[in-house]
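So this one's my_file.pdb, PDB, C-alpha atoms:
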MODEL        1
ATOM      1  CA  MET D 682      96.260  93.370 123.607
ATOM      2  CA  PRO D 683      94.594  92.477 120.292
ATOM      3  CA  SER D 684      95.505  94.861 117.500
ATOM      4  CA  THR D 685      93.294  96.240 114.755
ATOM      5  CA  ALA D 686      94.537  93.430 112.576
ATOM      6  CA  GLU D 687      93.548  90.711 115.011
ATOM      7  CA  HIS D 688      90.097  91.085 116.580
ATOM      8  CA  THR D 689      86.538  92.224 115.757
ATOM      9  CA  MET D 690      83.085  92.405 117.292
ATOM     10  CA  GLY D 691      79.964  94.545 116.904
ATOM     11  CA  ARG D 692      76.304  94.974 115.953
ATOM     12  CA  GLU D 693      74.293  95.288 112.759
ATOM     13  CA  SER D 694      72.028  98.024 111.329
ATOM     14  CA  ALA D 695      70.928  99.431 107.976
ATOM     15  CA  SER D 696      73.274 101.505 105.810
ATOM     16  CA  PRO D 697      73.327 103.041 102.337
ATOM     17  CA  VAL D 698      76.834 101.664 101.627
ATOM     18  CA  ASP D 699      77.172  97.956 102.274
ATOM     19  CA  THR D 700      80.492  96.129 102.720
ATOM     20  CA  ARG D 701      78.608  92.890 102.134
ATOM     21  CA  ARG D 702      78.769  93.890  98.478
ATOM     22  CA  ILE D 703      82.492  93.121  98.647
ATOM     23  CA  ASP D 704      82.434  89.396  98.202
ATOM     24  CA  VAL D 705      85.330  87.148  97.276
ATOM     25  CA  SER D 706      83.115  85.514  94.669
ATOM     26  CA  ALA D 707      81.620  88.700  93.203
ATOM     27  CA  GLY D 708      82.482  88.820  89.525
ATOM     28  CA  ALA D 709      85.169  86.225  90.055
ATOM     29  CA  GLU D 710      86.344  84.127  87.171
ATOM     30  CA  LYS D 711      87.119  80.467  87.826
ATOM     31  CA  ALA D 712      90.080  80.493  85.422
ATOM     32  CA  ARG D 713      92.708  82.085  87.689
ATOM     33  CA  ALA D 714      93.051  81.847  91.437
ATOM     34  CA  LEU D 715      95.675  82.813  93.985
ATOM     35  CA  ARG D 716      96.669  80.382  96.732
ATOM     36  CA  ILE D 717      96.910  82.051 100.129
ATOM     37  CA  VAL D 718      98.508  80.498 103.200
ATOM     38  CA  SER D 719      97.951  82.266 106.510
ATOM     39  CA  ARG D 720      98.355  81.043 110.083
ATOM     40  CA  ARG D 721      95.114  82.752 111.113
ATOM     41  CA  PHE D 722      92.946  81.922 108.095
ATOM     42  CA  GLY D 723      94.545  78.695 106.864
ATOM     43  CA  SER D 724      95.197  77.774 103.266
ATOM     44  CA  PHE D 725      92.663  78.686 100.585
ATOM     45  CA  GLU D 726      92.280  79.962  97.046
ATOM     46  CA  VAL D 727      90.969  83.358  96.028
ATOM     47  CA  PRO D 728      89.780  84.111  92.501
ATOM     48  CA  GLU D 729      92.170  86.650  91.014
ATOM     49  CA  ALA D 730      89.186  88.808  90.012
ATOM     50  CA  SER D 731      88.284  89.164  93.741
ATOM     51  CA  VAL D 732      91.526  90.863  94.688
ATOM     52  CA  LEU D 733      91.349  94.515  95.726
ATOM     53  CA  HIS D 734      94.206  96.555  94.276
ATOM     54  CA  PHE D 735      95.521  99.513  96.289
ATOM     55  CA  PRO D 736      98.009 101.246  93.946
ATOM     56  CA  GLN D 737      99.108 103.524  96.821
ATOM     57  CA  GLY D 738      98.760 100.898  99.565
ATOM     58  CA  LEU D 739      97.209 101.767 102.915
ATOM     59  CA  VAL D 740      98.524 104.473 105.230
ATOM     60  CA  GLY D 741     101.634 102.926 106.793
ATOM     61  CA  PHE D 742     101.553  99.912 104.438
ATOM     62  CA  ALA D 743     102.422 101.406 101.042
ATOM     63  CA  ARG D 744     104.137  98.255  99.741
ATOM     64  CA  LEU D 745     101.189  95.968 100.498
ATOM     65  CA  GLN D 746      98.896  96.613  97.560
ATOM     66  CA  ARG D 747      96.749  93.493  97.171
ATOM     67  CA  TYR D 748      94.018  92.519  99.628
ATOM     68  CA  VAL D 749      91.003  90.264  99.787
ATOM     69  CA  VAL D 750      87.946  90.780 101.988
ATOM     70  CA  LEU D 751      86.817  87.748 103.995
ATOM     71  CA  ASP D 752      83.714  87.251 106.109
ATOM     72  CA  HIS D 753      84.342  87.185 109.854
ATOM     73  CA  ARG D 754      81.477  84.751 110.444
ATOM     74  CA  PRO D 755      78.007  84.377 108.915
ATOM     75  CA  GLY D 756      75.738  87.298 109.772
ATOM     76  CA  SER D 757      78.514  89.435 111.275
ATOM     77  CA  PRO D 758      78.817  93.055 110.119
ATOM     78  CA  PHE D 759      82.586  92.654 110.400
ATOM     79  CA  LYS D 760      84.956  91.416 107.761
ATOM     80  CA  TRP D 761      88.682  90.845 107.473
ATOM     81  CA  MET D 762      90.762  92.672 104.892
ATOM     82  CA  LEU D 763      93.654  90.242 104.427
ATOM     83  CA  SER D 764      96.862  91.303 102.726
ATOM     84  CA  ILE D 765      97.780  88.927  99.924
ATOM     85  CA  ASP D 766     101.288  90.394  99.897
ATOM     86  CA  ASP D 767     101.692  89.550 103.629
ATOM     87  CA  PRO D 768      99.007  87.005 104.640
ATOM     88  CA  GLU D 769      99.876  87.406 108.318
ATOM     89  CA  LEU D 770      98.399  90.929 108.196
ATOM     90  CA  ALA D 771      94.631  91.369 108.288
ATOM     91  CA  PHE D 772      92.578  94.384 109.300
ATOM     92  CA  ALA D 773      89.179  94.182 110.922
ATOM     93  CA  VAL D 774      86.837  96.291 108.783
ATOM     94  CA  ALA D 775      83.169  97.212 108.846
ATOM     95  CA  ASN D 776      80.550  99.290 107.121
ATOM     96  CA  PRO D 777      80.543 102.547 109.145
ATOM     97  CA  GLY D 778      76.809 102.984 108.597
ATOM     98  CA  GLU D 779      76.233  99.841 110.663
ATOM     99  CA  LEU D 780      78.240 101.219 113.598
ATOM    100  CA  VAL D 781      77.808 105.007 113.461
ATOM    101  CA  ALA D 782      74.166 106.085 113.188
ATOM    102  CA  ASP D 783      74.728 109.555 111.703
ATOM    103  CA  TYR D 784      77.684 108.703 109.458
ATOM    104  CA  GLN D 785      77.711 110.515 106.122
ATOM    105  CA  PRO D 786      79.939 108.563 103.713
ATOM    106  CA  PRO D 787      82.123 110.735 101.448
ATOM    107  CA  LEU D 788      80.765 109.094  98.302
ATOM    108  CA  ALA D 789      81.127 112.109  95.993
ATOM    109  CA  LEU D 790      84.796 112.528  96.929
ATOM    110  CA  ALA D 791      85.450 108.790  96.668
ATOM    111  CA  ALA D 792      83.748 108.587  93.271
ATOM    112  CA  ARG D 793      85.844 111.504  92.011
ATOM    113  CA  LEU D 794      89.106 109.962  93.306
ATOM    114  CA  LEU D 795      88.358 106.561  91.773
ATOM    115  CA  ASN D 796      86.786 108.046  88.625
ATOM    116  CA  THR D 797      83.562 106.087  89.011
ATOM    117  CA  ALA D 798      79.901 106.554  89.926
ATOM    118  CA  PRO D 799      78.924 106.674  93.630
ATOM    119  CA  ASP D 800      76.641 103.653  93.196
ATOM    120  CA  ALA D 801      79.636 101.603  91.995
ATOM    121  CA  LEU D 802      81.434 102.102  95.318
ATOM    122  CA  ALA D 803      81.745 100.197  98.552
ATOM    123  CA  LEU D 804      83.128 101.949 101.602
ATOM    124  CA  PHE D 805      84.361 100.575 104.901
ATOM    125  CA  VAL D 806      86.460 101.602 107.872
ATOM    126  CA  ILE D 807      89.191  99.965 109.880
ATOM    127  CA  VAL D 808      88.085  98.809 113.339
ATOM    128  CA  THR D 809      90.256  98.730 116.467
ATOM    129  CA  ILE D 810      89.226  96.452 119.333
ATOM    130  CA  PRO D 811      91.253  96.881 122.538
ATOM    131  CA  SER D 812      91.256  94.348 125.370
ATOM    132  CA  ASP D 813      88.104  96.073 126.683
ATOM    133  CA  PRO D 814      85.753  95.712 123.669
ATOM    134  CA  THR D 815      83.473  98.462 124.963
ATOM    135  CA  ARG D 816      86.306 100.848 123.959
ATOM    136  CA  MET D 817      86.130  99.740 120.294
ATOM    137  CA  THR D 818      86.817 102.499 117.776
ATOM    138  CA  VAL D 819      86.514 102.972 114.032
ATOM    139  CA  ASN D 820      88.710 105.172 111.878
ATOM    140  CA  LEU D 821      86.277 107.561 110.205
ATOM    141  CA  MET D 822      89.125 109.858 109.134
ATOM    142  CA  ALA D 823      90.602 107.342 106.695
ATOM    143  CA  PRO D 824      87.892 105.160 105.142
ATOM    144  CA  VAL D 825      88.659 102.592 102.470
ATOM    145  CA  VAL D 826      86.752 102.928  99.209
ATOM    146  CA  VAL D 827      86.478 100.311  96.479
ATOM    147  CA  ASP D 828      85.353 100.614  92.872
ATOM    148  CA  LEU D 829      83.306  97.420  92.621
ATOM    149  CA  ARG D 830      83.680  97.288  88.838
ATOM    150  CA  THR D 831      87.482  97.467  88.647
ATOM    151  CA  ARG D 832      88.354  96.310  92.224
ATOM    152  CA  GLU D 833      90.657  99.345  92.509
ATOM    153  CA  ALA D 834      90.702 100.563  96.096
ATOM    154  CA  ARG D 835      92.050 103.497  98.005
ATOM    155  CA  GLN D 836      92.270 104.699 101.571
ATOM    156  CA  ILE D 837      91.276 108.345 101.635
ATOM    157  CA  VAL D 838      92.208 110.737 104.426
ATOM    158  CA  LEU D 839      89.492 113.252 105.247
ATOM    159  CA  ASP D 840      90.008 116.713 106.706
ATOM    160  CA  ASP D 841      86.707 116.821 108.562
ATOM    161  CA  PRO D 842      86.330 117.333 112.328
ATOM    162  CA  ARG D 843      83.228 115.089 112.248
ATOM    163  CA  CYS D 844      85.430 112.167 111.149
ATOM    164  CA  PRO D 845      87.963 111.333 113.867
ATOM    165  CA  PRO D 846      90.449 108.468 113.557
ATOM    166  CA  ASP D 847      89.202 106.972 116.820
ATOM    167  CA  HIS D 848      85.414 107.285 116.887
ATOM    168  CA  ARG D 849      84.052 105.283 119.824
ATOM    169  CA  VAL D 850      81.431 102.778 118.725
ATOM    170  CA  VAL D 851      80.054 102.032 122.195
ATOM    171  CA  ARG D 852      79.224 105.284 123.919
ATOM    172  CA  ASP D 853      79.623 105.624 127.683
ATOM    173  CA  ALA D 854      76.303 105.392 129.477
ATOM    174  CA  PRO D 855      75.182 108.628 131.155
ATOM    175  CA  PRO D 856      75.667 108.618 134.919
ATOM    176  CA  ALA D 857      72.731 107.183 136.841
ATOM    177  CA  SER D 858      70.701 109.788 138.648
ATOM    178  CA  PRO D 859      70.256 109.344 142.401
TER     179      PRO D 859
ENDMDL
END
Take the structure in the file and give it back as C-alpha cells.
Amino acid sequence: MPSTAEHTMGRESASPVDTRRIDVSAGAEKARALRIVSRRFGSFEVPEASVLHFPQGLVGFARLQRYVVLDHRPGSPFKWMLSIDDPELAFAVANPGELVADYQPPLALAARLLNTAPDALALFVIVTIPSDPTRMTVNLMAPVVVDLRTREARQIVLDDPRCPPDHRVVRDAPPASP
C-alpha cells in the first residue's frame, strides 16, 4: 500500500492560500546550492535559499528539519515535500483549499506562531493516498505553514473538531434511489 510519502492524486480549484507560491526557485540565490540524491527523485541541486527550515521538525520527524517542495507534475495541485536530511522521505502535500471546499485556513494563528503577516504565509496539508484512491484523505488537524520571506516552517496542531486528521477528499456518493 502506498504511504503518504509515496503517492498523490487529485483535482484543482481556487483557494486563498496557494502552495504554488512555494517554489524551489522563489527568491533563490544562484551562489549556494545543495546537491540532493534520492532514489525516487534522482540527483539534482536545490538553491539553499529554497530550503524550508522546520526548527521543531514535523510531528514524528523531529530530527528532520530541512525540506524542499517539488512539483508533482505540471498543472497538478499536488507537490512533494522532500526531506533534505533524509532524501528517501517525501510527503505528498496540497493546498487544502483546492481539495476541501469550505476549508478555513488558520492564517491568524499561523501568522502569530511564525511572527509574520498572514499574506506572507503559505499553508498546505499532508495527503494520504491508500491503494483505493477514492479513500484519499488530508490531514486538516496538522497543517504545515511557511513564512515565505524567511522560509521558516512549522506544522501546527489544531484543536478544532472541524479539522480532522483524516478528512476524506472524495465523498461517498449518496445511495441511488429506486
* Asked: Written as a list of chain:residue names, what is the full residue list that the PyMOL selection byres ((chain D and resi 801) around 9) yields on the file shown?
  ->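 Taken on the displayed file, the PyMOL selection byres ((chain D and resi 801) around 9) yields the residues D:Ala792, D:Thr797, D:Ala798, D:Pro799, D:Asp800, D:Leu802, D:Ala803, D:Val827, D:Asp828, D:Leu829, D:Arg830.
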* **Contact residues around segment 742-756 of chain D with all atoms listed in the file at 7 Å, ignoring same-chain residues under 4 positions, as a ChimeraX atom specification** => /D:703-705,731-738,760-766
Under the PyMOL selection byres ((chain D and resi 835) around 7), which residues of this model are included? Write them out as a compact mmCIF listing (two decimals) with C-alpha atoms, keeping the file's coordinate frame.
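result-v6.txt, written as the output of this step:
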# COMPACT_ATOMS: atom_id res chain seq x y z
CA PHE D 735 95.52 99.51 96.29
CA VAL D 825 88.66 102.59 102.47
CA VAL D 826 86.75 102.93 99.21
CA VAL D 827 86.48 100.31 96.48
CA ALA D 834 90.70 100.56 96.10
CA GLN D 836 92.27 104.70 101.57
CA ILE D 837 91.28 108.34 101.64
* Point-to-point distance from atom CA of Glu726 of chain D to atom CA of Arg713 of chain D, Å rounded to tenths -> 9.6 Å
* Separation of atom CA of Val808 of chain D and atom CA of Pro842 of chain D, in Å? ->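 Those two atoms sit 18.6 Å apart.
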* To do: Identify which of the residues D:Asp767, D:Phe772, D:Arg832, D:Leu839 lies closest to Ala791 of chain D, counting all atoms listed in the file when measuring atom-to-atom distances.
  => D:Leu839
* So what do you get for atom CA of Ser724 of chain D versus atom CA of Ala773 of chain D, distance-wise? -> 19.1 Å
* Could you tell me which of D:Pro758, D:Pro824, D:Gly741, D:Pro768 comes closest to Arg716 of chain D if we count all atoms listed in the file? =>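 The closest residue to Arg716 of chain D is D:Pro768.
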* Asked: Taking only C-alpha atoms into account, which of D:Ala714, D:Val819, D:Leu739, D:Leu780 comes nearest Pro845 of chain D?
  -> D:Val819
* Could you name the residues that touch Pro846 of chain D at 6 Å or less, counting only C-alpha atoms, but leaving out those on the same chain fewer than 6 positions away, as a list of chain:residue names? ->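 Here the qualifying residues turn out to be D:Asn820, D:Leu821, D:Met822.
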Residue subset to file, keeping C-alpha atoms, as a compact mmCIF listing (two decimals), in the coordinates of the input:
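Output file part.txt is given in full below:
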# COMPACT_ATOMS: atom_id res chain seq x y z
CA ASN D 820 88.71 105.17 111.88
CA LEU D 821 86.28 107.56 110.20
CA MET D 822 89.12 109.86 109.13
* To do: Quick one: apply the PyMOL selection byres ((chain D and resi 781) around 10) to the file and drop the selected residues here as an MDAnalysis selection string.
  => chainID D and resid 694 696 776:780 782:785 819 821 848:851
